[in-house]
Every structure is written in C-alpha cells, then in structure tokens.
file coords.csv (CSV, C-alpha atoms)
chain,number,residue,atom,x,y,z
Q,1,MET,CA,-24.4,10.7,0.2
Q,2,GLU,CA,-26.3,7.4,-0.5
Q,3,PRO,CA,-28.7,6.7,2.5
Q,4,ALA,CA,-28.3,2.9,2.2
Q,5,ARG,CA,-24.5,3.2,2.3
Q,6,GLN,CA,-24.7,5.5,5.3
Q,7,GLU,CA,-27.0,3.1,7.1
Q,8,HIS,CA,-24.8,0.1,6.4
Q,9,PHE,CA,-21.7,1.9,7.6
Q,10,LEU,CA,-23.3,3.4,10.7
Q,11,ALA,CA,-24.6,-0.1,11.7
Q,12,ALA,CA,-21.1,-1.6,11.4
Q,13,HIS,CA,-19.5,1.4,13.1
Q,14,SER,CA,-21.9,1.2,16.0
Q,15,ALA,CA,-21.4,-2.6,16.4
Q,16,CYS,CA,-17.6,-2.6,16.0
Q,17,HIS,CA,-16.0,0.7,16.8
Q,18,ASP,CA,-15.4,0.4,20.5
Q,19,LYS,CA,-14.1,-3.2,20.2
Q,20,VAL,CA,-11.8,-2.3,17.3
Q,21,TYR,CA,-10.4,0.8,19.2
Q,22,ARG,CA,-9.7,-1.4,22.2
Q,23,TYR,CA,-8.1,-4.0,20.0
Q,24,PHE,CA,-5.7,-1.4,18.7
Q,25,ARG,CA,-5.2,0.2,22.2
Q,26,ARG,CA,-4.1,-3.2,23.4
Q,27,ARG,CA,-1.6,-3.6,20.7
Q,28,ALA,CA,-0.5,-0.1,19.6
Q,29,ALA,CA,2.0,2.1,21.3
Q,30,ASP,CA,-0.3,5.0,22.2
Q,31,PRO,CA,-3.9,6.3,21.9
Q,32,SER,CA,-3.2,8.5,18.9
Q,33,THR,CA,-1.8,5.5,16.9
Q,34,ALA,CA,-4.9,3.5,18.0
Q,35,GLU,CA,-7.1,6.3,16.8
Q,36,ASP,CA,-5.4,6.5,13.4
Q,37,LEU,CA,-5.5,2.8,12.9
Q,38,CYS,CA,-9.1,2.7,13.9
Q,39,ALA,CA,-10.0,5.5,11.4
Q,40,GLU,CA,-8.1,3.6,8.7
Q,41,VAL,CA,-10.2,0.5,9.4
Q,42,PHE,CA,-13.4,2.5,9.0
Q,43,ARG,CA,-12.1,4.2,5.9
Q,44,ILE,CA,-11.8,0.8,4.3
Q,45,ALA,CA,-15.2,-0.2,5.7
Q,46,TRP,CA,-16.7,2.9,4.2
Q,47,GLU,CA,-15.2,1.9,0.8
Q,48,LYS,CA,-16.6,-1.6,1.2
Q,49,CYS,CA,-20.1,-0.1,2.0
Q,50,ARG,CA,-19.9,1.6,-1.4
Q,51,GLN,CA,-19.4,-1.8,-3.0
Q,52,ASP,CA,-22.3,-3.1,-0.9
Q,53,GLN,CA,-20.0,-5.7,0.8
Q,54,GLU,CA,-21.0,-7.5,4.0
Q,55,LEU,CA,-19.5,-5.9,7.2
Q,56,SER,CA,-19.9,-8.3,10.1
Q,57,VAL,CA,-17.9,-7.8,13.3
Q,58,LEU,CA,-15.5,-10.5,12.1
Q,59,ILE,CA,-15.0,-8.9,8.7
Q,60,VAL,CA,-14.2,-5.6,10.4
Q,61,PHE,CA,-11.8,-7.3,12.7
Q,62,GLY,CA,-10.2,-9.0,9.7
Q,63,ILE,CA,-9.6,-5.5,8.3
Q,64,ALA,CA,-8.2,-4.4,11.6
Q,65,ARG,CA,-5.8,-7.3,11.7
Q,66,ASN,CA,-4.5,-6.4,8.3
Q,67,VAL,CA,-4.2,-2.7,9.1
Q,68,LEU,CA,-2.3,-3.6,12.3
Q,69,ARG,CA,0.0,-6.0,10.4
Q,70,ASN,CA,0.8,-3.3,7.8
Q,71,HIS,CA,1.4,-0.7,10.5
Q,72,ASN,CA,3.8,-3.0,12.4
Q,73,ARG,CA,5.6,-4.0,9.3
Q,74,SER,CA,6.1,-0.4,8.3
Q,75,ALA,CA,7.0,0.7,11.8
Q,76,VAL,CA,9.7,-2.0,12.0
Q,77,ARG,CA,11.1,-1.0,8.7
Q,78,SER,CA,11.0,2.8,9.3
Q,79,LEU,CA,12.4,3.0,12.8
Q,80,ASN,CA,16.1,2.5,13.2
Q,81,LEU,CA,17.5,1.0,16.4
Q,82,ALA,CA,18.0,4.2,18.2
Q,83,GLN,CA,14.5,5.4,17.5
Q,84,GLN,CA,13.2,2.0,18.6
Q,85,LEU,CA,15.1,2.3,21.9
Q,86,GLU,CA,13.8,5.8,22.4
Q,87,ARG,CA,10.3,4.7,21.6
Q,88,GLN,CA,10.6,1.9,24.2
Q,89,GLN,CA,11.8,4.3,26.8
Q,90,THR,CA,9.0,6.8,26.2
Q,91,ARG,CA,6.3,4.2,25.6
Q,92,GLU,CA,3.4,4.3,27.9
Q,93,PRO,CA,3.1,1.1,29.9
Q,94,VAL,CA,0.6,-1.1,28.0
Q,95,SER,CA,-0.4,-2.8,31.2
Q,96,ASP,CA,0.4,-2.2,34.8
Q,97,ASP,CA,1.4,-5.8,35.3
Q,98,GLY,CA,4.9,-6.0,33.8
Q,99,GLU,CA,5.3,-9.7,34.6
Q,100,VAL,CA,2.2,-10.5,32.5
Q,101,ARG,CA,3.5,-8.3,29.7
Q,102,ASP,CA,6.9,-10.1,29.8
Q,103,ALA,CA,5.3,-13.5,29.9
Q,104,LEU,CA,3.1,-12.6,26.9
Q,105,ASP,CA,6.1,-11.4,25.0
Q,106,ARG,CA,7.7,-14.8,25.5
Q,107,LEU,CA,4.8,-16.8,24.2
Q,108,LYS,CA,4.7,-17.9,20.6
Q,109,PRO,CA,3.1,-15.2,18.5
Q,110,GLU,CA,0.3,-17.5,17.2
Q,111,ASP,CA,-0.4,-18.7,20.8
Q,112,ARG,CA,-0.4,-15.2,22.2
Q,113,GLU,CA,-2.8,-14.0,19.5
Q,114,VAL,CA,-5.3,-16.7,20.3
Q,115,LEU,CA,-5.0,-16.0,24.0
Q,116,LEU,CA,-5.5,-12.2,23.6
Q,117,LEU,CA,-8.3,-12.5,21.1
Q,118,THR,CA,-10.0,-14.8,23.6
Q,119,TYR,CA,-9.4,-13.2,27.0
Q,120,TRP,CA,-8.9,-9.5,26.0
Q,121,ASP,CA,-11.1,-9.1,22.9
Q,122,GLY,CA,-13.7,-11.6,24.0
Q,123,PHE,CA,-14.0,-13.8,21.0
Q,124,THR,CA,-15.2,-17.4,21.2
Q,125,SER,CA,-13.0,-20.2,19.8
Q,126,SER,CA,-15.1,-20.5,16.7
Q,127,GLU,CA,-14.9,-16.7,16.1
Q,128,VAL,CA,-11.1,-16.8,16.6
Q,129,ALA,CA,-10.9,-19.7,14.2
Q,130,GLU,CA,-12.8,-17.8,11.5
Q,131,LEU,CA,-10.8,-14.6,12.1
Q,132,LEU,CA,-7.4,-16.4,11.9
Q,133,GLU,CA,-8.6,-18.7,9.1
Q,134,VAL,CA,-7.6,-21.9,11.0
Q,135,SER,CA,-9.7,-24.7,12.4
Q,136,ALA,CA,-11.5,-24.5,15.7
Q,137,THR,CA,-9.5,-27.5,16.9
Q,138,ALA,CA,-6.2,-25.7,16.1
Q,139,VAL,CA,-7.5,-22.7,18.1
Q,140,ARG,CA,-8.4,-24.9,21.1
Q,141,MET,CA,-5.0,-26.5,21.0
Q,142,ARG,CA,-3.2,-23.2,20.8
Q,143,LEU,CA,-5.4,-21.8,23.6
Q,144,HIS,CA,-4.6,-24.8,25.8
Q,145,ARG,CA,-0.9,-24.5,25.1
Q,146,ALA,CA,-0.9,-20.7,25.6
Q,147,ARG,CA,-2.7,-20.9,29.0
Q,148,ARG,CA,-0.3,-23.6,30.3
Q,149,HIS,CA,2.7,-21.7,29.1
Q,150,LEU,CA,1.6,-18.4,30.5
Q,151,SER,CA,0.9,-20.0,33.8
Q,152,GLN,CA,4.4,-21.7,33.8
Q,153,LEU,CA,6.1,-18.4,32.9
Q,154,LEU,CA,4.3,-16.4,35.6
Q,155,ARG,CA,5.1,-19.1,38.2
Q,156,ALA,CA,8.7,-19.1,37.2
Q,157,GLU,CA,8.9,-15.4,37.6
Q,158,GLN,CA,7.2,-15.6,40.9
Q,159,GLU,CA,9.7,-18.2,42.1
Q,160,THR,CA,12.7,-16.1,40.9
Q,161,GLU,CA,11.3,-13.1,42.9
Q,162,ASP,CA,10.9,-15.2,46.0
Q,163,VAL,CA,14.5,-16.4,45.8
Q,164,GLN,CA,15.8,-12.9,45.4
Q,165,ARG,CA,14.0,-11.7,48.5
E,1,MET,CA,-8.4,-26.0,34.2
E,2,ARG,CA,-5.8,-26.1,37.0
E,3,HIS,CA,-5.8,-23.6,39.7
E,4,GLU,CA,-2.5,-22.1,38.6
E,5,GLU,CA,-3.9,-21.5,35.1
E,6,THR,CA,-7.0,-19.9,36.5
E,7,ALA,CA,-4.8,-17.5,38.5
E,8,ALA,CA,-2.7,-16.7,35.5
E,9,LEU,CA,-5.8,-15.9,33.5
E,10,GLU,CA,-7.1,-13.7,36.2
E,11,ARG,CA,-3.8,-11.8,36.1
E,12,LEU,CA,-4.1,-11.6,32.3
E,13,THR,CA,-7.6,-10.2,32.5
E,14,ASP,CA,-6.6,-7.7,35.1
E,15,ALA,CA,-3.6,-6.6,32.9
E,16,ASP,CA,-5.9,-5.9,29.9
E,17,PRO,CA,-5.0,-2.3,28.7
E,18,GLY,CA,-8.4,-2.2,27.1
E,19,VAL,CA,-10.0,-1.8,30.5
E,20,ALA,CA,-8.2,1.5,31.0
E,21,VAL,CA,-9.7,3.0,27.8
E,22,THR,CA,-11.7,6.1,28.8
E,23,GLU,CA,-15.0,7.2,27.3
E,24,GLU,CA,-13.2,10.4,26.2
E,25,GLU,CA,-10.7,8.4,24.1
E,26,LEU,CA,-13.5,6.4,22.6
E,27,ALA,CA,-15.5,9.5,21.8
E,28,ARG,CA,-12.5,11.1,20.0
E,29,SER,CA,-11.9,7.9,18.0
E,30,ARG,CA,-15.6,7.6,17.1
E,31,GLU,CA,-15.6,11.1,15.8
E,32,LYS,CA,-12.5,10.6,13.8
E,33,SER,CA,-13.6,7.3,12.3
E,34,LEU,CA,-17.1,8.6,11.5
E,35,ALA,CA,-15.5,11.5,9.6
E,36,VAL,CA,-14.2,9.2,6.9
E,37,ARG,CA,-17.7,9.5,5.4
E,38,PHE,CA,-17.2,13.1,4.7
E,39,THR,CA,-13.8,12.8,3.2
E,40,ASP,CA,-14.9,10.4,0.5
E,41,SER,CA,-12.5,7.6,0.3
E,42,GLU,CA,-12.2,8.2,-3.5
E,43,GLN,CA,-10.3,11.3,-2.6
E,44,LEU,CA,-8.0,9.3,-0.4
E,45,VAL,CA,-6.7,7.4,-3.3
E,46,PRO,CA,-3.2,8.9,-3.8
E,47,GLY,CA,-3.5,11.6,-6.5
E,48,GLY,CA,-7.3,11.6,-6.6
E,49,SER,CA,-10.1,9.2,-7.5
E,50,ILE,CA,-10.1,6.5,-10.0
E,51,ASP,CA,-12.8,8.3,-11.9
E,52,ALA,CA,-10.6,11.4,-12.0
E,53,PHE,CA,-7.8,9.2,-13.2
E,54,HIS,CA,-9.9,8.0,-16.1
E,55,GLN,CA,-11.0,11.6,-16.8
E,56,ARG,CA,-7.4,12.4,-17.6
E,57,ARG,CA,-7.4,10.1,-20.5
E,58,PRO,CA,-8.9,12.5,-23.1
E,59,ARG,CA,-6.3,15.1,-22.2
E,60,ARG,CA,-3.5,12.5,-22.6
E,61,ARG,CA,-5.0,11.3,-25.8
E,62,PHE,CA,-5.2,14.9,-27.1
E,63,ARG,CA,-1.5,15.2,-26.3
E,64,LEU,CA,-0.8,11.9,-28.0
E,65,ALA,CA,-2.8,13.0,-31.0
E,66,ALA,CA,-1.1,16.3,-31.1
E,67,GLY,CA,2.3,14.6,-30.9
E,68,ALA,CA,1.3,12.2,-33.6
E,69,GLY,CA,0.0,15.0,-35.8
E,70,LEU,CA,3.2,17.0,-35.3
E,71,ALA,CA,5.3,13.9,-36.2
E,72,ALA,CA,3.3,13.2,-39.3
E,73,ALA,CA,3.6,16.8,-40.4
E,74,ALA,CA,7.4,16.6,-39.8
E,75,VAL,CA,7.6,13.5,-41.9
E,76,LEU,CA,5.6,15.0,-44.7
E,77,ALA,CA,7.7,18.1,-44.6
E,78,GLY,CA,10.9,16.1,-44.6
E,79,VAL,CA,9.7,14.0,-47.6
E,80,PHE,CA,8.7,17.2,-49.5
E,81,VAL,CA,12.0,19.0,-48.8
E,82,ALA,CA,14.1,15.9,-49.6
E,83,SER,CA,12.4,15.3,-52.9
E,84,SER,CA,12.5,18.9,-54.0
E,85,LEU,CA,16.2,19.2,-53.2
E,86,SER,CA,17.2,16.0,-54.9
E,87,ALA,CA,15.0,16.0,-58.0
E,88,PRO,CA,15.9,18.1,-61.1
E,89,LEU,CA,13.9,21.3,-61.5
E,90,ASN,CA,12.5,20.3,-64.9
E,91,GLU,CA,11.0,17.1,-63.4
E,92,GLN,CA,9.2,19.1,-60.8
E,93,ALA,CA,7.4,21.2,-63.4
E,94,GLY,CA,4.8,18.6,-64.3
E,95,PRO,CA,3.4,15.3,-63.1
E,96,ALA,CA,5.3,12.2,-64.2
E,97,ALA,CA,3.7,10.7,-67.3
E,98,THR,CA,5.2,7.3,-67.2
E,99,PRO,CA,6.5,4.8,-64.5
E,100,SER,CA,10.0,5.1,-65.9
E,101,ALA,CA,10.0,8.8,-65.5
E,102,ALA,CA,8.7,8.5,-61.9
E,103,ALA,CA,11.4,5.9,-60.9
E,104,PRO,CA,14.2,8.4,-60.2
E,105,GLU,CA,12.0,10.4,-57.9
E,106,THR,CA,10.9,7.3,-56.0
E,107,GLU,CA,14.5,6.3,-55.4
E,108,SER,CA,15.6,9.7,-54.4
E,109,SER,CA,12.8,10.2,-51.9
E,110,ALA,CA,13.3,6.8,-50.2
E,111,SER,CA,17.0,7.1,-49.6
E,112,PRO,CA,17.3,10.0,-47.1
E,113,SER,CA,16.7,9.1,-43.5
E,114,LEU,CA,13.5,10.2,-41.9
E,115,PRO,CA,13.6,13.3,-39.7
E,116,GLU,CA,13.7,12.9,-36.0
E,117,ILE,CA,10.2,12.9,-34.5
E,118,ILE,CA,10.1,15.8,-32.0
E,119,GLY,CA,7.6,16.6,-29.3
E,120,ALA,CA,6.9,13.0,-28.2
E,121,LYS,CA,9.0,11.2,-25.7
E,122,ALA,CA,8.1,7.7,-24.5
E,123,ALA,CA,9.7,6.0,-21.5
E,124,THR,CA,12.5,3.6,-22.1
E,125,GLY,CA,12.1,1.7,-18.9
E,126,ALA,CA,15.5,2.7,-17.6
E,127,ALA,CA,15.5,3.0,-13.8
E,128,GLU,CA,17.9,3.2,-10.9
E,129,ILE,CA,17.5,1.9,-7.4
E,130,VAL,CA,17.4,4.8,-4.9
E,131,VAL,CA,18.1,4.0,-1.2
E,132,GLY,CA,16.4,6.1,1.5
E,133,ALA,CA,18.0,7.2,4.8
E,134,ASN,CA,16.5,4.2,6.6
E,135,GLY,CA,17.6,1.7,4.0
E,136,ASN,CA,14.3,1.4,2.2
E,137,LYS,CA,14.7,1.2,-1.6
E,138,ALA,CA,12.7,2.2,-4.6
E,139,ALA,CA,13.2,1.8,-8.3
E,140,VAL,CA,12.9,5.3,-9.8
E,141,SER,CA,12.8,6.0,-13.6
E,142,THR,CA,15.7,7.9,-15.0
E,143,ASP,CA,13.5,9.0,-18.0
E,144,GLN,CA,13.0,12.7,-17.7
E,145,GLY,CA,10.5,14.7,-19.7
E,146,VAL,CA,8.4,11.8,-20.8
E,147,ASN,CA,5.2,12.9,-22.4
E,148,VAL,CA,3.8,9.7,-23.9
E,149,PHE,CA,2.0,7.8,-21.3
E,150,MET,CA,0.6,4.3,-21.0
E,151,ASP,CA,-2.9,3.9,-19.8
E,152,ALA,CA,-3.1,0.7,-17.8
E,153,LEU,CA,-4.5,1.0,-14.3
E,154,ASN,CA,-2.7,-0.7,-11.4
E,155,SER,CA,-4.5,-0.5,-8.1
E,156,GLY,CA,-3.2,-2.2,-4.9
E,157,LYS,CA,-1.4,-1.6,-1.7
E,158,LEU,CA,2.1,-0.3,-1.2
E,159,GLY,CA,4.4,-2.4,0.9
E,160,LEU,CA,8.0,-3.5,1.1
E,161,ASN,CA,9.1,-6.6,-0.7
E,162,SER,CA,11.6,-9.1,0.6
E,163,GLY,CA,14.5,-7.0,-0.7
E,164,GLY,CA,13.3,-3.9,1.3
E,165,CYS,CA,12.0,-2.2,-1.9
E,166,PHE,CA,8.7,-0.4,-2.2
E,167,ALA,CA,6.4,-2.6,-4.3
E,168,GLU,CA,2.8,-3.6,-4.7
E,169,ILE,CA,2.1,-6.2,-2.1
E,170,ARG,CA,-0.8,-8.5,-3.0
E,171,PRO,CA,-3.2,-10.1,-0.5
E,172,ASP,CA,-1.5,-13.5,-1.0
E,173,GLY,CA,1.8,-12.0,0.0
E,174,THR,CA,3.4,-11.9,-3.4
E,175,SER,CA,4.7,-8.6,-4.8
E,176,MET,CA,4.9,-6.8,-8.1
E,177,GLY,CA,7.7,-4.4,-8.7
E,178,LEU,CA,7.0,-0.7,-9.2
E,179,ILE,CA,9.1,1.8,-11.0
E,180,PHE,CA,8.3,5.3,-9.8
E,181,PRO,CA,8.4,8.3,-12.0
E,182,PHE,CA,11.5,10.4,-12.3
E,183,GLY,CA,11.9,12.8,-9.4
E,184,THR,CA,10.3,10.4,-6.8
E,185,GLN,CA,11.8,10.7,-3.3
E,186,ILE,CA,11.9,8.2,-0.5
E,187,THR,CA,10.7,8.9,3.0
E,188,GLY,CA,10.8,6.8,6.1
E,189,THR,CA,7.4,5.4,5.5
E,190,GLY,CA,6.9,5.5,1.7
E,191,VAL,CA,7.5,7.6,-1.3
E,192,ILE,CA,6.8,11.2,-2.4
E,193,LEU,CA,5.8,11.4,-6.1
E,194,PRO,CA,7.1,14.3,-8.2
E,195,ASP,CA,4.1,16.5,-7.5
E,196,GLY,CA,4.3,16.0,-3.7
E,197,THR,CA,1.8,13.2,-3.4
E,198,ALA,CA,2.9,10.9,-0.6
E,199,VAL,CA,2.1,7.2,-0.7
E,200,ASN,CA,3.0,5.3,2.4
E,201,VAL,CA,3.3,1.7,3.2
E,202,GLY,CA,0.0,0.1,3.8
E,203,GLU,CA,-1.9,2.7,1.7
E,204,ASP,CA,-4.0,1.8,-1.3
E,205,PHE,CA,-2.9,3.3,-4.6
E,206,ALA,CA,-4.3,3.6,-8.1
E,207,PHE,CA,-1.4,4.2,-10.5
E,208,GLY,CA,-1.6,4.6,-14.3
E,209,GLY,CA,1.1,3.4,-16.5
E,210,GLY,CA,2.2,0.1,-17.9
E,211,LEU,CA,4.7,-2.7,-17.8
E,212,ALA,CA,8.1,-1.1,-18.0
E,213,PRO,CA,9.4,-1.4,-21.6
E,214,GLY,CA,12.7,-2.9,-22.4
E,215,THR,CA,14.4,-5.8,-20.7
E,216,ARG,CA,16.3,-3.8,-18.0
E,217,ASP,CA,16.6,-5.5,-14.7
E,218,PRO,CA,15.1,-3.5,-11.8
E,219,GLY,CA,17.1,-5.7,-9.4
E,220,VAL,CA,15.8,-6.3,-5.9
E,221,CYS,CA,12.9,-4.1,-6.6
E,222,SER,CA,11.4,-6.6,-8.9
E,223,PRO,CA,12.9,-10.1,-8.4
E,224,THR,CA,10.3,-11.6,-10.7
E,225,GLY,CA,11.5,-9.4,-13.6
E,226,ALA,CA,8.4,-7.5,-14.8
E,227,ALA,CA,7.8,-4.1,-13.1
E,228,PHE,CA,4.9,-1.6,-13.5
E,229,LEU,CA,6.1,1.8,-14.6
E,230,VAL,CA,4.1,4.5,-12.7
E,231,GLN,CA,3.2,7.4,-15.0
E,232,SER,CA,0.1,8.9,-13.4
E,233,TRP,CA,-1.5,8.8,-10.0

call {"tool": "encode", "arguments": {"input": "coords.csv", "output": "structure tokens"}}
result
Amino acid sequence: MEPARQEHFLAAHSACHDKVYRYFRRRAADPSTAEDLCAEVFRIAWEKCRQDQELSVLIVFGIARNVLRNHNRSAVRSLNLAQQLERQQTREPVSDDGEVRDALDRLKPEDREVLLLTYWDGFTSSEVAELLEVSATAVRMRLHRARRHLSQLLRAEQETEDVQR
Amino acid sequence: MRHEETAALERLTDADPGVAVTEEELARSREKSLAVRFTDSEQLVPGGSIDAFHQRRPRRRFRLAAGAGLAAAAVLAGVFVASSLSAPLNEQAGPAATPSAAAPETESSASPSLPEIIGAKAATGAAEIVVGANGNKAAVSTDQGVNVFMDALNSGKLGLNSGGCFAEIRPDGTSMGLIFPFGTQITGTGVILPDGTAVNVGEDFAFGGGLAPGTRDPGVCSPTGAAFLVQSW
C-alpha cells in the first residue's frame, strides 16, 4: 500500500471521521446506517487519495452530503408506505425534544440545512456557503429566517400546550 | 438576536442527537471506515476492478477472432461447395485458360446465398422494461446468448431517473439510460446482474458495452433516446 496515500487518507480520517459520523447520526435512522454511510464516505475518500485529490474537511463533507442524498433517495424509493410506517414506529428518537424535532420538520429544507450545519455541525457561515455552493449572504439570510421561524414554531407549540392545560 | 430566538437555539442545541453519540459508537465506526483501505476500492467496483475489466479484452478479442475465423472458414467452404456442385466436372479438371471460359464459373459462384455465420451472435439492442416489486423499473436486454461484445467503458453512479428507472445519474443531475444484460433481476435497492453481482442505487459502477444498436425505444428508461447496453462488469 502506498505510504503517501495512507498518510493522506489517515490525516483526512483523523480530521473528519467523528464529525462525519455525528453528521450522519443526526440525520440517519440508526447508528448502523450512520456507520455504513460513514464507511462509504471514507471508501470514496480512499479512492480520491489514490488520485491524489485534496481532502479538506469541507470536501469530505461534500462527499457526505452526496452519500446521504443518495441514501435518502434510494430509501424513499425502496420503502413502500407500510414499511415506512413500520420504520417510523420502530425508529429510535433522533432527539429527546419532540417539539424541536417537529419544528425542524416544518422548516423549509434549505433553511433547516443551514440551521443544522451551523448549530449542530458547527460550521461557520462561510463554510456552510462553500459546502452548499451558495453565497455567504444567502446563508446568513437563510439562517436569520430559520432562527426566526424556529422560534415562532416553538412559541406556537408552547402556547397550544398552555391552552390545553 | 431576540430573547425568544436565543431560547429556541438553546433548545435546538440541547436536542442535538450528536451529543448522545458514545465513544463506543465512534470507535466502531472508525474501525469500519478505516478498513476500507484493506478492501481496496478497486475491488468494490461491481464485478471487479477497471484494470481487471481491461484485462478481459484479450479474451474477448480471442473469442471475436475465433468467431471471425470460423465465419471466414464457413464462407470459403460454402463458396467451394457451391462452385463444385454447379460447375461441370470437365471445367474443374484444369485452370481456366481464358476469361470467357472463366465467366460461367464466376456467375455460378456469385449467385448462391452465403451460408449463415454461426458461432457469433451480436446484440440487437432489443430490450424490455422489467418492473420490480416496489415499482422500480429497469430496461433489460432480451438478447440471449450474445457472444460478441462491445468494448466501451461506462463508469458512473447508479440511480433512478425521473421515470423510476435504474439509470446512470450524472453529477449534474442528468441521466443516461442503461440496458442491463439478459437475466438481470431487480431488487428493492438496485439490480442483480446475471452472475449475481449486485449494483445498488448510489453505488459506482464500471460497465463495459456500448450504445445499444438499432433504433428501439427503451421508453421511460431512456427518455433521451440513447441507452448504454451493459455487456460486461
């Protein structure tokens, strides 16, 4: 095995693995899926190392986003409605705060992505912009909109709960 | 930032599922993702490496050469038999001395139809759309026993096109139709090629073959018209 390729790969793995695994854990149904997706990302990274391509954190996350998108697309296609219902019933709770999860589900996908990449994955606005291939201004606008909308949704849910009591 | 927004973001941060990831989970995933180095990615290309794919070429060329040789021999034998049956015996005794004497032989040898070439069967491009249990579709060749293969390499990623048909999905979102070899089966997540090789959606592939011959329409599996006929993998 070529030492330079090994070194290149290990450096990228060490810098990115935990972040990438957590990225999948936040978005995939269970740990084993997150593990599989993570391994797929590094399989692609290993191949890129052979071609001596750059492997920065953002490039590895770009791979991760594509892997997740393909996974979601194939999952949607391959699961019929009954299976999806069953999956939802047996799915581990992604977070303990169901209200937050519901509110996140109601955000626009592009706003949610910016919000999660910022507050869960810890990327800066410029990094999110590079990752999503949009301008930093667009990211800041989406982030502003997402924060405001999330806060409105959580407040509305709180008010509904208060009325019901 | 308003107080309400700050409170919402605090709840968002607290609800982060990434916080609950254990060191054990991470260690398991690290081990698995590091192991990709020992299963060289070349071997993960469905059906073997691209190098291995190219190493098949001499074998196929040998088969092609053998087929062509057999066909040539059959043509020569046919010409010889046809001319010996149609020409009078006394004309076969010696070589023709003049062009006028050779003329009847030329006419008699050109008229019979050439014998059928046996041992070489090329794809016609005929295909049918097979629908899997979950509604996914794939164009599958109906040509059975093909032994003349095209040598173009098509590498890419398997996905589903807008018609729900397995196709090559390019990075820019466009798709290229694929016609899978005779005997391909559809699974929930991809296809199983005749030798049992599974190719799933999202996986990279390296298929050998070429543009499907003929003008047959592969329907929803190739809305753009042209489709790549998969013949080796």

call {"tool": "residues_around", "arguments": {"input": "coords.csv", "residues": "region 148-163 of chain Q", "least_positions_apart": "3", "cutoff": "6 Å", "atoms": "all atoms listed in the file", "output": "list in words"}}
result
Ala103 and Arg145 of chain Q; Glu5 and Ala8 of chain E

call {"tool": "closest_residue", "arguments": {"input": "coords.csv", "among": "Q:Arg106, Q:Arg65, Q:Arg147, Q:Arg50", "to": "chain E", "atoms": "all atoms listed in the file"}}
result
Q:Arg147

call {"tool": "atom_distance", "arguments": {"input": "coords.csv", "atom1": "CA of Val114 (chain Q)", "atom2": "CA of Leu132 (chain Q)"}}
result
8.7 Å

call {"tool": "closest_atom_pairs", "arguments": {"input": "coords.csv", "of": "chain E", "to": "chain Q", "cutoff": "8 Å", "atoms": "all atoms listed in the file", "output": "JSON lines"}}
result
{"residue": "E:Glu4", "atom": "CA", "partner": "Q:Ser151", "partner_atom": "CA", "distance": 6.2}
{"residue": "E:Glu5", "atom": "CA", "partner": "Q:Ser151", "partner_atom": "CA", "distance": 5.2}
{"residue": "E:Ala7", "atom": "CA", "partner": "Q:Ser151", "partner_atom": "CA", "distance": 7.8}
{"residue": "E:Ala8", "atom": "CA", "partner": "Q:Ser151", "partner_atom": "CA", "distance": 5.2}
{"residue": "E:Leu9", "atom": "CA", "partner": "Q:Arg147", "partner_atom": "CA", "distance": 7.4}
{"residue": "E:Arg11", "atom": "CA", "partner": "Q:Val100", "partner_atom": "CA", "distance": 7.1}
{"residue": "E:Leu12", "atom": "CA", "partner": "Q:Val100", "partner_atom": "CA", "distance": 6.4}
{"residue": "E:Thr13", "atom": "CA", "partner": "Q:Tyr119", "partner_atom": "CA", "distance": 6.5}
{"residue": "E:Ala15", "atom": "CA", "partner": "Q:Ser95", "partner_atom": "CA", "distance": 5.3}
{"residue": "E:Asp16", "atom": "CA", "partner": "Q:Trp120", "partner_atom": "CA", "distance": 6.1}
{"residue": "E:Pro17", "atom": "CA", "partner": "Q:Ser95", "partner_atom": "CA", "distance": 5.3}
{"residue": "E:Gly18", "atom": "CA", "partner": "Q:Arg22", "partner_atom": "CA", "distance": 5.1}
{"residue": "E:Val21", "atom": "CA", "partner": "Q:Arg22", "partner_atom": "CA", "distance": 7.1}
{"residue": "E:Glu25", "atom": "CA", "partner": "Q:Pro31", "partner_atom": "CA", "distance": 7.4}
{"residue": "E:Leu26", "atom": "CA", "partner": "Q:Asp18", "partner_atom": "CA", "distance": 6.6}
{"residue": "E:Arg28", "atom": "CA", "partner": "Q:Glu35", "partner_atom": "CA", "distance": 7.9}
{"residue": "E:Ser29", "atom": "CA", "partner": "Q:Glu35", "partner_atom": "CA", "distance": 5.2}
{"residue": "E:Arg30", "atom": "CA", "partner": "Q:His17", "partner_atom": "CA", "distance": 6.9}
{"residue": "E:Lys32", "atom": "CA", "partner": "Q:Ala39", "partner_atom": "CA", "distance": 6.2}
{"residue": "E:Ser33", "atom": "CA", "partner": "Q:Ala39", "partner_atom": "CA", "distance": 4.1}
{"residue": "E:Leu34", "atom": "CA", "partner": "Q:Phe42", "partner_atom": "CA", "distance": 7.6}
{"residue": "E:Val36", "atom": "CA", "partner": "Q:Arg43", "partner_atom": "CA", "distance": 5.5}
{"residue": "E:Arg37", "atom": "CA", "partner": "Q:Trp46", "partner_atom": "CA", "distance": 6.8}
{"residue": "E:Ser41", "atom": "CA", "partner": "Q:Glu47", "partner_atom": "CA", "distance": 6.3}
{"residue": "E:Asn134", "atom": "CA", "partner": "Q:Ser78", "partner_atom": "CA", "distance": 6.3}
{"residue": "E:Asn136", "atom": "CA", "partner": "Q:Arg77", "partner_atom": "CA", "distance": 7.6}
{"residue": "E:Gly159", "atom": "CA", "partner": "Q:Asn70", "partner_atom": "CA", "distance": 7.8}
{"residue": "E:Gly188", "atom": "CA", "partner": "Q:Ser78", "partner_atom": "CA", "distance": 5.1}
{"residue": "E:Thr189", "atom": "CA", "partner": "Q:Ser78", "partner_atom": "CA", "distance": 5.8}
{"residue": "E:Val201", "atom": "CA", "partner": "Q:Ser74", "partner_atom": "CA", "distance": 6.2}
{"residue": "E:Gly202", "atom": "CA", "partner": "Q:Asn70", "partner_atom": "CA", "distance": 5.3}

call {"tool": "atom_distance", "arguments": {"input": "coords.csv", "atom1": "CA of Trp233 (chain E)", "atom2": "CA of Leu158 (chain E)"}}
result
13.2 Å

call {"tool": "atom_distance", "arguments": {"input": "coords.csv", "atom1": "CA of Asp195 (chain E)", "atom2": "CA of Pro218 (chain E)"}}
result
23.2 Å

call {"tool": "residues_around", "arguments": {"input": "coords.csv", "residues": "Leu153 (chain E)", "least_positions_apart": "4", "cutoff": "7 Å", "atoms": "all atoms listed in the file", "output": "PDB file with C-alpha atoms, in the frame of the given file"}}
result
ATOM      1  CA  ALA E 206      -4.300   3.600  -8.100  1.00  0.00           C
ATOM      2  CA  PHE E 207      -1.400   4.200 -10.500  1.00  0.00           C
ATOM      3  CA  GLY E 208      -1.600   4.600 -14.300  1.00  0.00           C
ATOM      4  CA  GLY E 209       1.100   3.400 -16.500  1.00  0.00           C
TER       5      GLY E 209
END

call {"tool": "closest_residue", "arguments": {"input": "coords.csv", "among": "Q:Ala29, Q:Met141, Q:Glu7, Q:Val20", "to": "Ala64 (chain Q)", "atoms": "only C-alpha atoms"}}
result
Q:Val20

call {"tool": "residues_around", "arguments": {"input": "coords.csv", "residues": "Glu54 (chain Q)", "least_positions_apart": "6", "cutoff": "10 Å", "atoms": "all atoms listed in the file", "output": "list in words"}}
result
His8, Ala12, Ala45, Lys48 and Val60 of chain Q
